[in-house]
Amino acid sequence: MSEPPPLHLGIDLGGTNVKTALLDAAGAIVERSVIPTQGHDGAEAVLDRMAAEALRLRDRAGGRIASAGLGVPGMIDMSTGIVIDVPNLPGHWVDVPAGPRLAAALGVPVDLINDARAFGMAEATHGAARGADTALFMTLGTGIGGAVLAHGRILFGVGGAAGEFGHLIVDPNGLRCGCGARGCVEAYASGPAIVSEANRRVRQGFTTRLADLIDGDLSGTTPEIVAQAAREGDADAIEVLSEAGRMLGLALAGAIALIAPEVVVIGGGVAGAGGVLWQSMEETCRTHCHVTDIDRIRIVPAALGYEAGVIGAAAWGARTAGEAT
Ligand SMILES: [Zn+2]
């Protein structure tokens with residue numbers, strides 16, 4: 001009897017959902033699922049559900065799990081597979097041995113990777129930076145994550161912390177960031193930062209269109225709604241997105257000077273706001289790029305959408321296990 005085909009498991013732990021996928025040797029997704037995280041049940045319950053879901057998909061695919069990777073939206077110890085802290089996830093995710101616990105349930109080692117590095121890994125392996133030697137990745141969402149591809153490999157650095165694009169400082173006396181520093185780009189251009197600045201303007205009675213779109217309920221403001229107001233010509237919404245884009249452009253100019261990437265890949269929900277934000281970012285970046293030939297650098301949207309996280313986690317597990325996807 002021949003051995004079942006090898007499958008590469010990727011799991012993407014998110015605040016709302018856990019995404020699971022099995023990739024074949026060519027990197028194509030053969031099984032996928034999304035289940036609610038229900039983080040309030042606690043880390044152990046979430047990990048047990050993850051393992052059960054992975055095994056269910058494996059049985060449906062009729063293969064064997066040859067490698068596994070888990071993307072985590074927080075701090076991890078890549079050498080031990082321990083989740084150090086995930087501040088934005090309900091439940092207590094401090095010093096959780098996620099890798100070993102999943103490995104025991106699945107019968108293969110499970111390698112952890114930060115979710116933004118997983119995004120970079122996916123876009124480098126199967127997405128918008130495929131074939132690139134050097135690339136920069138950023139994800140614009142609730143936070144701003146990033147990754148760097150150097151000579152075909154994701155750069156991890158000390159503690160796997162390389163690529164934290166969101167914490168490049170664009171104003172040393174500026175707004176306080178969640179990390180404790182002042183003036184990180186994340187404090188200006190993350191989804192919550194855009195919403196907070198838009199709502200400040202609504203509260204002060206600046207914006208009429210935005211107030212109409214949310215029907216006066218500030219809890220209804222999203223980056224997408226701010227983008228819609230901007231498209232409809234609302235001056236305040238345009239200013240909010242231009243300023244976020246300007247801060248991103250400053251950070252990007254610095255990152256480009258350091259890395260000189262062939263391609264910059266931008267993903268995440270806030271990137272979808274596009275338009276004014278993207279334009280302002282590119283213009284600012286161009287203005288501040290002097291030592292690098294900006295015309296040779298492509299700045300492009302991500303190609304893989306919401307599945308980048310699972311694809312990257314699977315690619316990381318496969319690479320660590322020595323099996324390329
Ligand atoms: Zn910060």
# chains A, B, ... in the order shown; residues from 1 in each chain; ligands from 1
>>> residues_around(residues="stretch 294-311 of chain A", least_positions_apart="4", cutoff="8 Å", atoms="only C-alpha atoms", output="PDB file with N, CA, C and O atoms, in the first residue's frame")
ATOM      1  N   GLY A  10      -1.222  24.581   7.862  1.00  0.00           N
ATOM      2  CA  GLY A  10      -1.050  25.951   8.334  1.00  0.00           C
ATOM      3  C   GLY A  10      -2.236  26.336   9.190  1.00  0.00           C
ATOM      4  O   GLY A  10      -3.386  26.031   8.833  1.00  0.00           O
ATOM      5  N   ILE A  11      -1.951  26.956  10.342  1.00  0.00           N
ATOM      6  CA  ILE A  11      -3.030  27.432  11.213  1.00  0.00           C
ATOM      7  C   ILE A  11      -2.760  28.905  11.504  1.00  0.00           C
ATOM      8  O   ILE A  11      -1.623  29.291  11.786  1.00  0.00           O
ATOM      9  N   ASP A  12      -3.804  29.712  11.397  1.00  0.00           N
ATOM     10  CA  ASP A  12      -3.676  31.153  11.633  1.00  0.00           C
ATOM     11  C   ASP A  12      -4.586  31.522  12.803  1.00  0.00           C
ATOM     12  O   ASP A  12      -5.810  31.525  12.666  1.00  0.00           O
ATOM     13  N   LYS A  19      -8.104  30.132  11.292  1.00  0.00           N
ATOM     14  CA  LYS A  19      -8.139  29.598   9.932  1.00  0.00           C
ATOM     15  C   LYS A  19      -7.170  28.431   9.859  1.00  0.00           C
ATOM     16  O   LYS A  19      -6.077  28.486  10.409  1.00  0.00           O
ATOM     17  N   THR A  20      -7.604  27.395   9.177  1.00  0.00           N
ATOM     18  CA  THR A  20      -6.789  26.193   9.034  1.00  0.00           C
ATOM     19  C   THR A  20      -6.751  25.824   7.559  1.00  0.00           C
ATOM     20  O   THR A  20      -7.770  25.929   6.875  1.00  0.00           O
ATOM     21  N   ALA A  21      -5.593  25.409   7.072  1.00  0.00           N
ATOM     22  CA  ALA A  21      -5.502  24.969   5.679  1.00  0.00           C
ATOM     23  C   ALA A  21      -4.473  23.857   5.555  1.00  0.00           C
ATOM     24  O   ALA A  21      -3.502  23.802   6.309  1.00  0.00           O
ATOM     25  N   LEU A  23      -1.977  22.309   2.636  1.00  0.00           N
ATOM     26  CA  LEU A  23      -1.411  22.576   1.314  1.00  0.00           C
ATOM     27  C   LEU A  23      -0.744  21.312   0.796  1.00  0.00           C
ATOM     28  O   LEU A  23      -0.162  20.548   1.579  1.00  0.00           O
ATOM     29  N   LEU A  70       2.134  27.418  12.878  1.00  0.00           N
ATOM     30  CA  LEU A  70       1.066  28.173  13.540  1.00  0.00           C
ATOM     31  C   LEU A  70       1.433  29.656  13.549  1.00  0.00           C
ATOM     32  O   LEU A  70       2.479  30.037  14.079  1.00  0.00           O
ATOM     33  N   GLY A  71       0.578  30.479  12.944  1.00  0.00           N
ATOM     34  CA  GLY A  71       0.777  31.921  12.952  1.00  0.00           C
ATOM     35  C   GLY A  71       0.115  32.526  14.182  1.00  0.00           C
ATOM     36  O   GLY A  71      -1.039  32.217  14.478  1.00  0.00           O
ATOM     37  N   ASP A 115       2.363  36.430  13.036  1.00  0.00           N
ATOM     38  CA  ASP A 115       1.412  36.480  11.917  1.00  0.00           C
ATOM     39  C   ASP A 115       1.847  37.406  10.778  1.00  0.00           C
ATOM     40  O   ASP A 115       1.604  37.109   9.606  1.00  0.00           O
ATOM     41  N   ALA A 116       2.521  38.498  11.105  1.00  0.00           N
ATOM     42  CA  ALA A 116       2.973  39.398  10.031  1.00  0.00           C
ATOM     43  C   ALA A 116       4.123  38.774   9.239  1.00  0.00           C
ATOM     44  O   ALA A 116       4.219  38.938   8.026  1.00  0.00           O
ATOM     45  N   ALA A 118       4.361  35.616   8.852  1.00  0.00           N
ATOM     46  CA  ALA A 118       3.668  34.593   8.050  1.00  0.00           C
ATOM     47  C   ALA A 118       3.106  35.216   6.780  1.00  0.00           C
ATOM     48  O   ALA A 118       3.190  34.637   5.689  1.00  0.00           O
ATOM     49  N   PHE A 119       2.538  36.406   6.914  1.00  0.00           N
ATOM     50  CA  PHE A 119       2.041  37.142   5.748  1.00  0.00           C
ATOM     51  C   PHE A 119       3.177  37.360   4.737  1.00  0.00           C
ATOM     52  O   PHE A 119       3.019  37.109   3.534  1.00  0.00           O
ATOM     53  N   ALA A 122       4.165  34.112   3.054  1.00  0.00           N
ATOM     54  CA  ALA A 122       3.189  33.691   2.043  1.00  0.00           C
ATOM     55  C   ALA A 122       3.326  34.506   0.771  1.00  0.00           C
ATOM     56  O   ALA A 122       3.370  33.964  -0.343  1.00  0.00           O
ATOM     57  N   GLU A 123       3.395  35.825   0.921  1.00  0.00           N
ATOM     58  CA  GLU A 123       3.485  36.684  -0.272  1.00  0.00           C
ATOM     59  C   GLU A 123       4.815  36.461  -0.994  1.00  0.00           C
ATOM     60  O   GLU A 123       4.899  36.604  -2.215  1.00  0.00           O
ATOM     61  N   HIS A 126       4.255  32.519  -2.480  1.00  0.00           N
ATOM     62  CA  HIS A 126       3.175  32.242  -3.438  1.00  0.00           C
ATOM     63  C   HIS A 126       2.451  33.498  -3.911  1.00  0.00           C
ATOM     64  O   HIS A 126       1.465  33.396  -4.635  1.00  0.00           O
ATOM     65  N   GLY A 127       2.870  34.691  -3.469  1.00  0.00           N
ATOM     66  CA  GLY A 127       2.068  35.881  -3.752  1.00  0.00           C
ATOM     67  C   GLY A 127       2.795  36.961  -4.535  1.00  0.00           C
ATOM     68  O   GLY A 127       3.539  36.680  -5.481  1.00  0.00           O
ATOM     69  N   ALA A 128       2.587  38.207  -4.120  1.00  0.00           N
ATOM     70  CA  ALA A 128       3.018  39.368  -4.897  1.00  0.00           C
ATOM     71  C   ALA A 128       4.536  39.552  -4.959  1.00  0.00           C
ATOM     72  O   ALA A 128       5.030  40.295  -5.806  1.00  0.00           O
ATOM     73  N   ALA A 260      16.307  48.774   0.670  1.00  0.00           N
ATOM     74  CA  ALA A 260      16.283  48.848  -0.792  1.00  0.00           C
ATOM     75  C   ALA A 260      15.595  47.630  -1.405  1.00  0.00           C
ATOM     76  O   ALA A 260      16.187  46.882  -2.185  1.00  0.00           O
ATOM     77  N   PRO A 261      14.342  47.391  -1.020  1.00  0.00           N
ATOM     78  CA  PRO A 261      13.649  46.202  -1.524  1.00  0.00           C
ATOM     79  C   PRO A 261      13.285  46.344  -3.002  1.00  0.00           C
ATOM     80  O   PRO A 261      13.060  47.449  -3.477  1.00  0.00           O
ATOM     81  N   GLU A 262      13.224  45.211  -3.695  1.00  0.00           N
ATOM     82  CA  GLU A 262      12.747  45.248  -5.090  1.00  0.00           C
ATOM     83  C   GLU A 262      11.269  45.561  -5.118  1.00  0.00           C
ATOM     84  O   GLU A 262      10.755  46.180  -6.034  1.00  0.00           O
ATOM     85  N   VAL A 263      10.568  45.055  -4.087  1.00  0.00           N
ATOM     86  CA  VAL A 263       9.123  45.203  -4.068  1.00  0.00           C
ATOM     87  C   VAL A 263       8.655  45.440  -2.635  1.00  0.00           C
ATOM     88  O   VAL A 263       9.219  44.889  -1.686  1.00  0.00           O
ATOM     89  N   VAL A 264       7.652  46.309  -2.505  1.00  0.00           N
ATOM     90  CA  VAL A 264       6.996  46.541  -1.219  1.00  0.00           C
ATOM     91  C   VAL A 264       5.567  46.018  -1.366  1.00  0.00           C
ATOM     92  O   VAL A 264       4.836  46.452  -2.260  1.00  0.00           O
ATOM     93  N   VAL A 265       5.182  45.063  -0.517  1.00  0.00           N
ATOM     94  CA  VAL A 265       3.857  44.458  -0.610  1.00  0.00           C
ATOM     95  C   VAL A 265       3.013  44.925   0.573  1.00  0.00           C
ATOM     96  O   VAL A 265       3.428  44.788   1.724  1.00  0.00           O
ATOM     97  N   ILE A 266       1.862  45.498   0.266  1.00  0.00           N
ATOM     98  CA  ILE A 266       1.023  46.062   1.327  1.00  0.00           C
ATOM     99  C   ILE A 266      -0.327  45.359   1.363  1.00  0.00           C
ATOM    100  O   ILE A 266      -1.037  45.289   0.361  1.00  0.00           O
ATOM    101  N   GLY A 267      -0.656  44.803   2.526  1.00  0.00           N
ATOM    102  CA  GLY A 267      -1.924  44.101   2.680  1.00  0.00           C
ATOM    103  C   GLY A 267      -2.641  44.510   3.950  1.00  0.00           C
ATOM    104  O   GLY A 267      -2.237  45.455   4.630  1.00  0.00           O
ATOM    105  N   GLY A 268      -3.700  43.796   4.277  1.00  0.00           N
ATOM    106  CA  GLY A 268      -4.488  44.098   5.473  1.00  0.00           C
ATOM    107  C   GLY A 268      -5.702  44.934   5.134  1.00  0.00           C
ATOM    108  O   GLY A 268      -5.753  45.575   4.081  1.00  0.00           O
ATOM    109  N   ALA A 271      -5.425  48.662   4.117  1.00  0.00           N
ATOM    110  CA  ALA A 271      -4.862  48.896   2.783  1.00  0.00           C
ATOM    111  C   ALA A 271      -5.984  48.920   1.756  1.00  0.00           C
ATOM    112  O   ALA A 271      -5.913  49.623   0.743  1.00  0.00           O
ATOM    113  N   ARG A 286       8.046  58.990  -1.924  1.00  0.00           N
ATOM    114  CA  ARG A 286       8.835  59.469  -3.059  1.00  0.00           C
ATOM    115  C   ARG A 286       9.590  60.760  -2.698  1.00  0.00           C
ATOM    116  O   ARG A 286      10.770  60.910  -3.002  1.00  0.00           O
ATOM    117  N   CYS A 289      12.566  59.845  -0.395  1.00  0.00           N
ATOM    118  CA  CYS A 289      13.546  58.851  -0.846  1.00  0.00           C
ATOM    119  C   CYS A 289      14.605  59.549  -1.681  1.00  0.00           C
ATOM    120  O   CYS A 289      14.298  60.059  -2.761  1.00  0.00           O
ATOM    121  N   ALA A 315       3.816  27.377   4.936  1.00  0.00           N
ATOM    122  CA  ALA A 315       5.112  27.478   4.248  1.00  0.00           C
ATOM    123  C   ALA A 315       6.258  27.468   5.259  1.00  0.00           C
ATOM    124  O   ALA A 315       7.308  26.866   5.023  1.00  0.00           O
TER     125      ALA A 315
END
>>> residues_near_ligand(ligand="ligand 1", cutoff="8 Å", atoms="only C-alpha atoms and all ligand atoms", output="mmCIF file with N, CA and C atoms, in the first residue's frame")
data_model
loop_
_atom_site.group_PDB
_atom_site.id
_atom_site.type_symbol
_atom_site.label_atom_id
_atom_site.label_comp_id
_atom_site.auth_asym_id
_atom_site.auth_seq_id
_atom_site.Cartn_x
_atom_site.Cartn_y
_atom_site.Cartn_z
ATOM 1 N N GLY A 166 5.344 48.748 12.021
ATOM 2 C CA GLY A 166 4.405 49.622 12.731
ATOM 3 C C GLY A 166 5.060 50.449 13.825
ATOM 4 N N HIS A 167 6.239 50.033 14.265
ATOM 5 C CA HIS A 167 6.874 50.741 15.369
ATOM 6 C C HIS A 167 8.071 51.553 14.909
ATOM 7 N N LEU A 168 8.134 51.857 13.622
ATOM 8 C CA LEU A 168 9.075 52.869 13.150
ATOM 9 C C LEU A 168 8.516 54.213 13.624
ATOM 10 N N ILE A 169 9.384 55.026 14.181
ATOM 11 C CA ILE A 169 8.919 56.274 14.801
ATOM 12 C C ILE A 169 8.938 57.410 13.778
ATOM 13 N N ARG A 176 1.028 58.525 21.729
ATOM 14 C CA ARG A 176 1.474 57.335 22.438
ATOM 15 C C ARG A 176 1.000 56.093 21.684
ATOM 16 N N CYS A 177 1.930 55.142 21.509
ATOM 17 C CA CYS A 177 1.598 53.885 20.819
ATOM 18 C C CYS A 177 1.303 52.803 21.858
ATOM 19 N N GLY A 178 0.600 51.764 21.456
ATOM 20 C CA GLY A 178 0.307 50.640 22.343
ATOM 21 C C GLY A 178 1.566 49.993 22.902
ATOM 22 N N CYS A 179 2.706 50.139 22.217
ATOM 23 C CA CYS A 179 3.950 49.517 22.666
ATOM 24 C C CYS A 179 4.614 50.307 23.777
ATOM 25 N N GLY A 180 4.128 51.518 24.031
ATOM 26 C CA GLY A 180 4.709 52.340 25.088
ATOM 27 C C GLY A 180 5.532 53.513 24.555
ATOM 28 N N ALA A 181 5.972 53.426 23.295
ATOM 29 C CA ALA A 181 6.765 54.519 22.719
ATOM 30 C C ALA A 181 5.843 55.635 22.227
ATOM 31 N N ARG A 182 6.450 56.729 21.849
ATOM 32 C CA ARG A 182 5.691 57.836 21.270
ATOM 33 C C ARG A 182 5.964 57.933 19.779
ATOM 34 N N GLY A 183 4.910 58.203 19.026
ATOM 35 C CA GLY A 183 5.079 58.555 17.620
ATOM 36 C C GLY A 183 5.339 57.411 16.669
ATOM 37 N N CYS A 184 5.036 56.157 17.074
ATOM 38 C CA CYS A 184 5.144 55.037 16.124
ATOM 39 C C CYS A 184 4.111 55.256 15.011
ATOM 40 N N VAL A 185 4.421 54.781 13.819
ATOM 41 C CA VAL A 185 3.499 54.958 12.693
ATOM 42 C C VAL A 185 2.158 54.277 12.972
ATOM 43 N N GLU A 186 2.182 53.203 13.768
ATOM 44 C CA GLU A 186 0.937 52.508 14.116
ATOM 45 C C GLU A 186 -0.046 53.425 14.856
ATOM 46 N N ALA A 187 0.485 54.382 15.608
ATOM 47 C CA ALA A 187 -0.384 55.299 16.362
ATOM 48 C C ALA A 187 -1.119 56.270 15.435
#
>>> select_by_dssp(residues="stretch 61-106 of chain A", states="alpha helix (DSSP H)", output="ChimeraX atom specification")
/A:61,98-106
>>> atom_distance(atom1="atom CA of A:Ile84", atom2="atom CA of A:Ser67")
22.4 Å
>>> residues_around(residues="stretch 194-208 of chain A", least_positions_apart="6", cutoff="9 Å", atoms="only C-alpha atoms", output="mmCIF file with N, CA, C and O atoms, in the first residue's frame")
data_model
loop_
_atom_site.group_PDB
_atom_site.id
_atom_site.type_symbol
_atom_site.label_atom_id
_atom_site.label_comp_id
_atom_site.auth_asym_id
_atom_site.auth_seq_id
_atom_site.Cartn_x
_atom_site.Cartn_y
_atom_site.Cartn_z
ATOM 1 N N ALA A 187 0.485 54.382 15.608
ATOM 2 C CA ALA A 187 -0.384 55.299 16.362
ATOM 3 C C ALA A 187 -1.119 56.270 15.435
ATOM 4 O O ALA A 187 -2.048 56.954 15.860
ATOM 5 N N TYR A 188 -0.714 56.314 14.147
ATOM 6 C CA TYR A 188 -1.337 57.236 13.192
ATOM 7 C C TYR A 188 -2.110 56.537 12.077
ATOM 8 O O TYR A 188 -3.026 57.125 11.505
ATOM 9 N N GLY A 216 -24.673 59.010 13.217
ATOM 10 C CA GLY A 216 -24.381 59.617 14.515
ATOM 11 C C GLY A 216 -23.820 58.666 15.564
ATOM 12 O O GLY A 216 -23.504 59.076 16.673
ATOM 13 N N LEU A 218 -20.870 56.746 16.835
ATOM 14 C CA LEU A 218 -19.417 56.704 16.647
ATOM 15 C C LEU A 218 -18.865 55.280 16.660
ATOM 16 O O LEU A 218 -17.812 55.015 16.076
ATOM 17 N N SER A 219 -19.587 54.349 17.305
ATOM 18 C CA SER A 219 -19.083 52.973 17.356
ATOM 19 C C SER A 219 -19.181 52.302 15.982
ATOM 20 O O SER A 219 -18.618 51.233 15.756
ATOM 21 N N THR A 221 -18.073 53.698 13.174
ATOM 22 C CA THR A 221 -17.022 54.166 12.254
ATOM 23 C C THR A 221 -15.994 53.069 11.999
ATOM 24 O O THR A 221 -15.537 52.410 12.924
ATOM 25 N N THR A 222 -15.674 52.861 10.732
ATOM 26 C CA THR A 222 -14.617 51.913 10.348
ATOM 27 C C THR A 222 -13.720 52.617 9.332
ATOM 28 O O THR A 222 -14.133 53.615 8.727
ATOM 29 N N PRO A 223 -12.512 52.106 9.109
ATOM 30 C CA PRO A 223 -11.659 52.702 8.074
ATOM 31 C C PRO A 223 -12.349 52.696 6.705
ATOM 32 O O PRO A 223 -12.175 53.627 5.914
ATOM 33 N N VAL A 226 -14.660 55.646 6.541
ATOM 34 C CA VAL A 226 -13.878 56.877 6.350
ATOM 35 C C VAL A 226 -13.466 56.975 4.878
ATOM 36 O O VAL A 226 -13.544 58.047 4.263
ATOM 37 N N ASP A 234 -15.683 64.160 1.165
ATOM 38 C CA ASP A 234 -15.658 64.762 2.497
ATOM 39 C C ASP A 234 -14.236 65.212 2.859
ATOM 40 O O ASP A 234 -13.312 64.406 2.913
ATOM 41 N N ALA A 235 -14.082 66.519 3.119
ATOM 42 C CA ALA A 235 -12.743 67.088 3.311
ATOM 43 C C ALA A 235 -12.055 66.517 4.547
ATOM 44 O O ALA A 235 -10.845 66.265 4.536
ATOM 45 N N ASP A 236 -12.819 66.283 5.617
ATOM 46 C CA ASP A 236 -12.198 65.762 6.840
ATOM 47 C C ASP A 236 -11.740 64.325 6.663
ATOM 48 O O ASP A 236 -10.649 63.958 7.100
ATOM 49 N N ALA A 237 -12.573 63.519 6.033
ATOM 50 C CA ALA A 237 -12.183 62.124 5.791
ATOM 51 C C ALA A 237 -10.929 62.078 4.920
ATOM 52 O O ALA A 237 -10.017 61.282 5.165
ATOM 53 N N VAL A 240 -7.955 62.943 7.124
ATOM 54 C CA VAL A 240 -7.607 61.856 8.044
ATOM 55 C C VAL A 240 -6.792 60.787 7.301
ATOM 56 O O VAL A 240 -5.739 60.352 7.769
ATOM 57 N N LEU A 241 -7.257 60.404 6.111
ATOM 58 C CA LEU A 241 -6.563 59.350 5.359
ATOM 59 C C LEU A 241 -5.245 59.855 4.776
ATOM 60 O O LEU A 241 -4.262 59.120 4.723
ATOM 61 N N ALA A 244 -2.734 59.793 7.638
ATOM 62 C CA ALA A 244 -2.306 58.414 7.897
ATOM 63 C C ALA A 244 -1.333 57.969 6.801
ATOM 64 O O ALA A 244 -0.286 57.366 7.079
#
>>> closest_residue(among="A:Asp217, A:Leu258, A:Leu112, A:Pro87", to="A:Gly163", atoms="only C-alpha atoms")
A:Leu258
>>> closest_atom_pairs(of="stretch 167-258 of chain A", to="stretch 273-285 of chain A", cutoff="6 Å", atoms="only C-alpha atoms", output="JSON lines")
{"residue": "A:Glu224", "atom": "CA", "partner": "A:Ala273", "partner_atom": "CA", "distance": 5.6}
{"residue": "A:Ala227", "atom": "CA", "partner": "A:Ala273", "partner_atom": "CA", "distance": 5.4}
{"residue": "A:Leu241", "atom": "CA", "partner": "A:Leu277", "partner_atom": "CA", "distance": 4.9}
{"residue": "A:Ser242", "atom": "CA", "partner": "A:Leu277", "partner_atom": "CA", "distance": 5.2}
{"residue": "A:Gly245", "atom": "CA", "partner": "A:Met281", "partner_atom": "CA", "distance": 4.2}
{"residue": "A:Arg246", "atom": "CA", "partner": "A:Met281", "partner_atom": "CA", "distance": 5.1}
{"residue": "A:Leu248", "atom": "CA", "partner": "A:Met281", "partner_atom": "CA", "distance": 5.6}
{"residue": "A:Gly249", "atom": "CA", "partner": "A:Met281", "partner_atom": "CA", "distance": 4.1}
{"residue": "A:Leu250", "atom": "CA", "partner": "A:Cys285", "partner_atom": "CA", "distance": 5.8}
{"residue": "A:Ala253", "atom": "CA", "partner": "A:Cys285", "partner_atom": "CA", "distance": 4.8}
